[in-house]
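These notes are about the structure you will find just below.
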Amino acid sequence: MKRKIIVIGSVVILLIVALFGASNFMLEYSLRPGADVPFSRESAWKGMFADYPDMESWRDSLMNIGALHDTTIVREDGVQLHAYYVSANQPTTKTAVVVHGYTDCAIRMFHIGRMYSRDLGYNILLPDLYYHGDSQGKAIQMGWKDRLDVMRWMKIAAEIFNTKSMVVHGISMGAATTMMVSGEEQPDYVKAFVDDCGYTSVWDEFKGELKNQFGLPSFPLLYTASWLCKVRFGWGFQEASALNQVKKCKHPMLFIHGDSDDYVPTAMVYPLYEAATCPKELWLTEGVAHALSYRSYPKEYTEKVRNFLKPYMK
């Protein structure tokens with residue numbers, strides 16, 4: 001009997017150790033990818049030009065006239081965050097803050113920055129989120145703590161450009177970040193938000209990826225990984241909910257999602273749209289996979305954003 005108890009106890013201990021090992025692996029895999037790979041601006045620009053070849057001449061023109069600026073802020077915990085900003089060709093008090101996605105960087109959002117700058121005539125600021133690009137950090141925050149950093153950048157952008165009207169526009173994780181921002185109290189200059197293929201919550205997104213990539217159920221791994229994330233990084237998967245934040249949004253929001261998105265499933269946009277009680281519009285882009293709506297329909301995308309924002313961005 002005693003031996004049986006010892007065997008059972010040993011098995012339980014091994015299972016617990018294995019579970020926590022797997023949970024730690026999940027955090028490293030999902031929140032600290034490329035931890036030992038230094039960021040390269042050159043590689044990021046090459047990727048941007050590969051997708052949008054006409055971006056190179058526009059980027060070069062900005063650099064030639066000294067219009068492309070870097071700026072940094074330091075958080076209370078000493079972490080330095082980086083952003084780019086560009087003033088509009090003609091003086092304006094309209095500003096767009098453009099937020100990139102998972103494992104991406106501000107440079108990879110300059111196609112949207114160009115849309116606002118060249119086509120819509122806005123000032124633009126594009127931050128590198130925590131642990132991305134030229135910003136420091138320990139791990140990806142999946143939008144949740146990023147919402148507070150983006151609000152810091154919104155304030156900086158308002159000061160740089162003397163902003164009277166601001167839109168925050170995000171894609172993928174940047175869209176989830178944007179929706180998470182939208183549920184907070186906003187300064188008077190914030191007028192609208194654009195969510196392009198954001199997820200409902202970190203829990204829902206990771207649950208789907210566990211099933212799709214590894215064929216695993218959410219219990220027990222997702223629960224222990226969320227707890228470990230809380231211990232290591234100060235936030236848990238369930239609290240990181242764009243859906244709950246959208247319910248509190250008081251400002252107009254444009255929802256964009258590809259109808260063939262299987263990374264952040266198209267089905268996620270419907271509860272987000274339904275939860276929003278603010279002025280809103282939904283645009284499903286036909287035949288479009290994840291985060292490719294602008295690339296697939298650049299003219300339509302620009303006009304959709306222009307027309308949605310026109311009543312609010314004075």
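Labels for the structure tokens follow display order: chains A, B, ..., residues from 1 in each chain, ligands from 1.
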
Backbone DSSP call of alpha helix (DSSP H) for stretch 75-218 of chain A, listed as a PyMOL selection string: chain A and resi 110-114+146-161+173-182+202-214

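Every protein, DNA or RNA residue with an atom at most 8 Å from stretch 228-237 of chain A, where only C-alpha atoms count and chain neighbours fewer than 6 positions away do not, is listed here: Ser23, Asn24, Leu27, Ala139, Trp144, Lys145, Ser201, Val202 and Trp203 of chain A.
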
Requested write-out: N, CA, C and O atoms of the selected residues, as a tab-separated table (two decimals), in the first residue's frame:
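The result, written out as out_23.tsv:
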```
chain	number	residue	atom	x	y	z
A	23	SER	N	3.78	24.61	-19.94
A	23	SER	CA	3.24	25.97	-19.83
A	23	SER	C	4.34	27.01	-20.06
A	23	SER	O	4.13	28.02	-20.75
A	24	ASN	N	5.51	26.74	-19.50
A	24	ASN	CA	6.63	27.66	-19.70
A	24	ASN	C	7.07	27.66	-21.16
A	24	ASN	O	7.39	28.73	-21.73
A	27	LEU	N	4.70	29.85	-23.12
A	27	LEU	CA	4.98	31.28	-22.95
A	27	LEU	C	6.19	31.69	-23.78
A	27	LEU	O	6.17	32.74	-24.44
A	139	ALA	N	8.79	40.50	-23.04
A	139	ALA	CA	7.93	39.55	-23.73
A	139	ALA	C	6.78	40.30	-24.39
A	139	ALA	O	6.41	41.40	-23.97
A	144	TRP	N	-2.62	43.81	-24.28
A	144	TRP	CA	-3.26	44.18	-23.02
A	144	TRP	C	-2.52	45.30	-22.30
A	144	TRP	O	-3.06	46.39	-22.10
A	145	LYS	N	-1.27	45.07	-21.95
A	145	LYS	CA	-0.50	46.16	-21.37
A	145	LYS	C	-0.08	47.18	-22.42
A	145	LYS	O	0.19	48.34	-22.12
A	201	SER	N	-10.17	38.03	-27.70
A	201	SER	CA	-9.39	38.01	-26.46
A	201	SER	C	-8.15	37.16	-26.68
A	201	SER	O	-8.09	36.33	-27.60
A	202	VAL	N	-7.16	37.34	-25.84
A	202	VAL	CA	-5.95	36.52	-25.90
A	202	VAL	C	-6.31	35.06	-25.61
A	202	VAL	O	-5.78	34.14	-26.24
A	203	TRP	N	-7.20	34.85	-24.67
A	203	TRP	CA	-7.64	33.48	-24.33
A	203	TRP	C	-8.21	32.79	-25.57
A	203	TRP	O	-7.83	31.66	-25.89
```

Selection near A:Leu284, 10 Å with only C-alpha atoms, sequence-local residues under 3 positions removed, as a PyMOL selection string: chain A and resi 196-197+255-260+266+269+287-288+293

Env of A:Glu56: 12 Å cut, atoms = only C-alpha atoms, seq-sep filter 3 positions within chain, self excluded. Answer as an mmCIF file with N, CA, C and O atoms, in the first residue's frame.
```cif
data_model
loop_
_atom_site.group_PDB
_atom_site.id
_atom_site.type_symbol
_atom_site.label_atom_id
_atom_site.label_comp_id
_atom_site.auth_asym_id
_atom_site.auth_seq_id
_atom_site.Cartn_x
_atom_site.Cartn_y
_atom_site.Cartn_z
ATOM 1 N N GLU A 42 16.888 47.330 -41.510
ATOM 2 C CA GLU A 42 17.101 47.039 -42.923
ATOM 3 C C GLU A 42 16.246 45.870 -43.384
ATOM 4 O O GLU A 42 15.603 45.922 -44.447
ATOM 5 N N ALA A 44 13.473 44.809 -41.973
ATOM 6 C CA ALA A 44 12.066 45.207 -41.905
ATOM 7 C C ALA A 44 11.671 46.024 -43.126
ATOM 8 O O ALA A 44 10.601 45.807 -43.714
ATOM 9 N N TRP A 45 12.531 46.961 -43.525
ATOM 10 C CA TRP A 45 12.227 47.754 -44.723
ATOM 11 C C TRP A 45 12.227 46.880 -45.967
ATOM 12 O O TRP A 45 11.376 47.054 -46.858
ATOM 13 N N LYS A 46 13.153 45.927 -46.055
ATOM 14 C CA LYS A 46 13.179 45.028 -47.220
ATOM 15 C C LYS A 46 11.878 44.241 -47.317
ATOM 16 O O LYS A 46 11.339 44.039 -48.412
ATOM 17 N N GLY A 47 11.371 43.788 -46.161
ATOM 18 C CA GLY A 47 10.092 43.081 -46.160
ATOM 19 C C GLY A 47 8.957 43.976 -46.604
ATOM 20 O O GLY A 47 8.064 43.546 -47.353
ATOM 21 N N MET A 48 8.962 45.214 -46.150
ATOM 22 C CA MET A 48 7.932 46.168 -46.557
ATOM 23 C C MET A 48 7.988 46.408 -48.063
ATOM 24 O O MET A 48 6.962 46.391 -48.758
ATOM 25 N N PHE A 49 9.204 46.612 -48.602
ATOM 26 C CA PHE A 49 9.335 46.902 -50.034
ATOM 27 C C PHE A 49 8.988 45.681 -50.886
ATOM 28 O O PHE A 49 8.524 45.828 -52.022
ATOM 29 N N ALA A 50 9.211 44.488 -50.347
ATOM 30 C CA ALA A 50 8.838 43.279 -51.087
ATOM 31 C C ALA A 50 7.326 43.204 -51.261
ATOM 32 O O ALA A 50 6.827 42.787 -52.314
ATOM 33 N N ASP A 51 6.591 43.605 -50.226
ATOM 34 C CA ASP A 51 5.130 43.572 -50.291
ATOM 35 C C ASP A 51 4.555 44.784 -51.024
ATOM 36 O O ASP A 51 3.531 44.675 -51.712
ATOM 37 N N TYR A 52 5.209 45.927 -50.856
ATOM 38 C CA TYR A 52 4.735 47.179 -51.451
ATOM 39 C C TYR A 52 5.926 47.888 -52.095
ATOM 40 O O TYR A 52 6.532 48.792 -51.498
ATOM 41 N N PRO A 53 6.310 47.515 -53.337
ATOM 42 C CA PRO A 53 7.510 48.064 -53.972
ATOM 43 C C PRO A 53 7.510 49.591 -54.083
ATOM 44 O O PRO A 53 8.577 50.214 -54.004
ATOM 45 N N ARG A 59 9.365 56.301 -48.859
ATOM 46 C CA ARG A 59 10.228 56.321 -47.680
ATOM 47 C C ARG A 59 11.462 57.174 -47.928
ATOM 48 O O ARG A 59 11.856 58.009 -47.099
ATOM 49 N N ASP A 60 12.075 56.992 -49.109
ATOM 50 C CA ASP A 60 13.290 57.742 -49.431
ATOM 51 C C ASP A 60 13.020 59.236 -49.516
ATOM 52 O O ASP A 60 13.852 60.052 -49.087
ATOM 53 N N SER A 61 11.865 59.593 -50.062
ATOM 54 C CA SER A 61 11.536 61.021 -50.157
ATOM 55 C C SER A 61 11.382 61.637 -48.770
ATOM 56 O O SER A 61 11.804 62.783 -48.542
ATOM 57 N N LEU A 62 10.806 60.895 -47.841
ATOM 58 C CA LEU A 62 10.682 61.385 -46.464
ATOM 59 C C LEU A 62 12.052 61.589 -45.839
ATOM 60 O O LEU A 62 12.317 62.602 -45.167
ATOM 61 N N MET A 63 12.939 60.619 -46.058
ATOM 62 C CA MET A 63 14.266 60.702 -45.469
ATOM 63 C C MET A 63 15.085 61.831 -46.088
ATOM 64 O O MET A 63 15.841 62.525 -45.401
ATOM 65 N N ILE A 107 7.740 49.720 -38.779
ATOM 66 C CA ILE A 107 8.111 49.817 -40.196
ATOM 67 C C ILE A 107 7.139 49.043 -41.069
ATOM 68 O O ILE A 107 6.768 49.485 -42.160
ATOM 69 N N PHE A 110 3.970 50.946 -42.332
ATOM 70 C CA PHE A 110 4.087 52.218 -43.048
ATOM 71 C C PHE A 110 3.206 52.294 -44.289
ATOM 72 O O PHE A 110 2.966 53.388 -44.810
ATOM 73 N N HIS A 111 2.707 51.178 -44.785
ATOM 74 C CA HIS A 111 1.734 51.260 -45.881
ATOM 75 C C HIS A 111 0.443 51.922 -45.397
ATOM 76 O O HIS A 111 -0.169 52.709 -46.133
ATOM 77 N N ARG A 114 1.380 55.578 -44.761
ATOM 78 C CA ARG A 114 1.365 56.337 -46.017
ATOM 79 C C ARG A 114 -0.058 56.686 -46.444
ATOM 80 O O ARG A 114 -0.316 57.787 -46.942
#
```

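Using only C-alpha atoms, the shortest contact distance between A:Leu272 and any of A:Met142, A:Leu254, A:Met109, A:Leu148 is found at A:Leu254.
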
Selection: 7 Å around A:Pro279, only C-alpha atoms, excl. self and same-chain fewer than 6 positions, as number ranges by chain: A: 251-253

Can you list, as a compact mmCIF listing (two decimals) with all heavy atoms, in the first residue's frame, all residues belonging to stretch 148-279 of chain A that DSSP tags as strand (DSSP E)?
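Dumped everything to states_29.txt:
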```txt
# COMPACT_ATOMS: atom_id res chain seq x y z
N SER A 165 -7.90 66.27 -33.55
CA SER A 165 -8.68 65.08 -33.90
C SER A 165 -7.73 63.92 -34.14
O SER A 165 -6.78 64.04 -34.93
CB SER A 165 -9.51 65.32 -35.16
OG SER A 165 -10.41 66.40 -35.00
N MET A 166 -8.00 62.78 -33.47
CA MET A 166 -7.10 61.62 -33.59
C MET A 166 -7.89 60.35 -33.83
O MET A 166 -8.94 60.12 -33.23
CB MET A 166 -6.27 61.46 -32.30
CG MET A 166 -5.34 60.25 -32.29
SD MET A 166 -4.38 60.12 -30.75
CE MET A 166 -3.27 61.54 -30.93
N VAL A 167 -7.34 59.51 -34.73
CA VAL A 167 -7.85 58.16 -34.93
C VAL A 167 -6.73 57.19 -34.58
O VAL A 167 -5.56 57.45 -34.84
CB VAL A 167 -8.31 57.94 -36.39
CG1 VAL A 167 -7.20 58.23 -37.38
CG2 VAL A 167 -8.85 56.52 -36.58
N VAL A 168 -7.09 56.07 -33.95
CA VAL A 168 -6.14 54.99 -33.68
C VAL A 168 -6.53 53.82 -34.57
O VAL A 168 -7.69 53.39 -34.55
CB VAL A 168 -6.15 54.58 -32.20
CG1 VAL A 168 -5.10 53.50 -31.94
CG2 VAL A 168 -5.90 55.79 -31.30
N HIS A 169 -5.56 53.32 -35.34
CA HIS A 169 -5.83 52.30 -36.36
C HIS A 169 -4.84 51.16 -36.16
O HIS A 169 -3.63 51.37 -36.21
CB HIS A 169 -5.63 52.94 -37.74
CG HIS A 169 -5.97 52.05 -38.90
ND1 HIS A 169 -6.70 52.52 -39.98
CD2 HIS A 169 -5.68 50.76 -39.19
CE1 HIS A 169 -6.83 51.55 -40.87
NE2 HIS A 169 -6.22 50.46 -40.41
N GLY A 170 -5.35 49.95 -35.92
CA GLY A 170 -4.48 48.81 -35.71
C GLY A 170 -4.83 47.63 -36.59
O GLY A 170 -5.98 47.49 -37.03
N ILE A 171 -3.83 46.79 -36.86
CA ILE A 171 -4.03 45.56 -37.63
C ILE A 171 -3.59 44.37 -36.79
O ILE A 171 -2.54 44.40 -36.14
CB ILE A 171 -3.25 45.61 -38.95
CG1 ILE A 171 -3.84 46.67 -39.88
CG2 ILE A 171 -3.25 44.25 -39.65
CD1 ILE A 171 -3.16 46.76 -41.24
N VAL A 190 -9.42 62.42 -29.11
CA VAL A 190 -9.66 61.11 -29.72
C VAL A 190 -11.07 61.07 -30.29
O VAL A 190 -12.05 61.31 -29.59
CB VAL A 190 -9.47 59.96 -28.70
CG1 VAL A 190 -9.83 58.62 -29.34
CG2 VAL A 190 -8.03 59.94 -28.21
N LYS A 191 -11.17 60.73 -31.59
CA LYS A 191 -12.46 60.79 -32.27
C LYS A 191 -12.94 59.44 -32.81
O LYS A 191 -14.15 59.24 -32.98
CB LYS A 191 -12.38 61.78 -33.45
CG LYS A 191 -11.95 63.19 -33.07
CD LYS A 191 -12.89 63.81 -32.04
CE LYS A 191 -12.43 65.22 -31.67
NZ LYS A 191 -13.27 65.82 -30.60
N ALA A 192 -12.02 58.50 -33.11
CA ALA A 192 -12.46 57.26 -33.74
C ALA A 192 -11.37 56.20 -33.65
O ALA A 192 -10.20 56.49 -33.37
CB ALA A 192 -12.83 57.51 -35.20
N PHE A 193 -11.79 54.94 -33.94
CA PHE A 193 -10.89 53.80 -33.95
C PHE A 193 -11.15 52.95 -35.18
O PHE A 193 -12.29 52.88 -35.67
CB PHE A 193 -11.11 52.93 -32.70
CG PHE A 193 -10.83 53.64 -31.40
CD1 PHE A 193 -11.86 54.23 -30.68
CD2 PHE A 193 -9.54 53.71 -30.90
CE1 PHE A 193 -11.62 54.89 -29.48
CE2 PHE A 193 -9.28 54.36 -29.70
CZ PHE A 193 -10.32 54.95 -28.99
N VAL A 194 -10.10 52.30 -35.67
CA VAL A 194 -10.23 51.35 -36.78
C VAL A 194 -9.61 50.03 -36.35
O VAL A 194 -8.42 49.96 -36.02
CB VAL A 194 -9.56 51.85 -38.07
CG1 VAL A 194 -9.72 50.81 -39.18
CG2 VAL A 194 -10.15 53.19 -38.50
N ASP A 195 -10.42 48.97 -36.35
CA ASP A 195 -9.99 47.62 -36.00
C ASP A 195 -9.93 46.79 -37.26
O ASP A 195 -10.96 46.52 -37.87
CB ASP A 195 -10.98 47.00 -35.00
CG ASP A 195 -11.08 45.48 -35.13
OD1 ASP A 195 -10.02 44.84 -35.18
OD2 ASP A 195 -12.21 44.95 -35.19
N ASP A 196 -8.73 46.41 -37.67
CA ASP A 196 -8.56 45.57 -38.85
C ASP A 196 -8.08 44.19 -38.40
O ASP A 196 -6.92 43.99 -38.07
CB ASP A 196 -7.55 46.23 -39.80
CG ASP A 196 -7.34 45.46 -41.10
OD1 ASP A 196 -7.71 44.27 -41.16
OD2 ASP A 196 -6.79 46.05 -42.04
N MET A 253 -16.28 53.29 -34.34
CA MET A 253 -15.30 52.26 -34.67
C MET A 253 -15.65 51.59 -35.99
O MET A 253 -16.78 51.16 -36.20
CB MET A 253 -15.19 51.21 -33.57
CG MET A 253 -14.09 50.18 -33.82
SD MET A 253 -13.81 49.04 -32.43
CE MET A 253 -13.18 50.14 -31.18
N LEU A 254 -14.65 51.52 -36.87
CA LEU A 254 -14.76 50.78 -38.12
C LEU A 254 -14.12 49.42 -37.94
O LEU A 254 -12.95 49.33 -37.57
CB LEU A 254 -14.06 51.55 -39.25
CG LEU A 254 -13.93 50.84 -40.60
CD1 LEU A 254 -15.30 50.50 -41.18
CD2 LEU A 254 -13.12 51.71 -41.57
N PHE A 255 -14.90 48.36 -38.20
CA PHE A 255 -14.40 46.99 -38.12
C PHE A 255 -14.13 46.48 -39.54
O PHE A 255 -15.02 46.52 -40.39
CB PHE A 255 -15.43 46.08 -37.45
CG PHE A 255 -15.72 46.40 -36.01
CD1 PHE A 255 -16.64 47.39 -35.67
CD2 PHE A 255 -15.09 45.71 -34.99
CE1 PHE A 255 -16.92 47.69 -34.35
CE2 PHE A 255 -15.36 45.99 -33.66
CZ PHE A 255 -16.28 46.98 -33.33
N ILE A 256 -12.90 45.98 -39.76
CA ILE A 256 -12.51 45.41 -41.06
C ILE A 256 -12.00 44.00 -40.80
O ILE A 256 -11.23 43.77 -39.87
CB ILE A 256 -11.41 46.25 -41.72
CG1 ILE A 256 -11.88 47.70 -41.94
CG2 ILE A 256 -10.98 45.63 -43.05
CD1 ILE A 256 -10.77 48.64 -42.40
N HIS A 257 -12.43 43.06 -41.64
CA HIS A 257 -11.94 41.69 -41.47
C HIS A 257 -12.04 40.95 -42.79
O HIS A 257 -13.04 41.07 -43.51
CB HIS A 257 -12.77 40.94 -40.41
CG HIS A 257 -11.96 40.02 -39.56
ND1 HIS A 257 -11.68 40.25 -38.23
CD2 HIS A 257 -11.34 38.85 -39.85
CE1 HIS A 257 -10.95 39.28 -37.73
NE2 HIS A 257 -10.73 38.41 -38.70
N GLY A 258 -10.99 40.20 -43.14
CA GLY A 258 -11.05 39.36 -44.32
C GLY A 258 -11.99 38.18 -44.11
O GLY A 258 -11.97 37.55 -43.04
```

Top pick for closest residue to A:Ser30, considering A:Gly78, A:Leu222, A:Tyr199, A:Met55 and counting only C-alpha atoms: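 Among the listed residues, the smallest separation from A:Ser30 belongs to A:Leu222.
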
Contacts of stretch 117-126 of chain A at 9 Å (only C-alpha atoms; same-chain gap of 6+ positions) as a count of residues only: 31

Nearest-residue call for A:Tyr102, choices A:Ser218, A:Gln186, A:Ser226, A:Gln141, using only C-alpha atoms: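 Of A:Ser218, A:Gln186, A:Ser226, A:Gln141, the one nearest A:Tyr102, counting only C-alpha atoms, is A:Gln141.
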
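Proximity of A:Tyr189, A:His132, A:Val305, A:Thr178 to A:Ala158, computed with only C-alpha atoms, is greatest for A:Tyr189.
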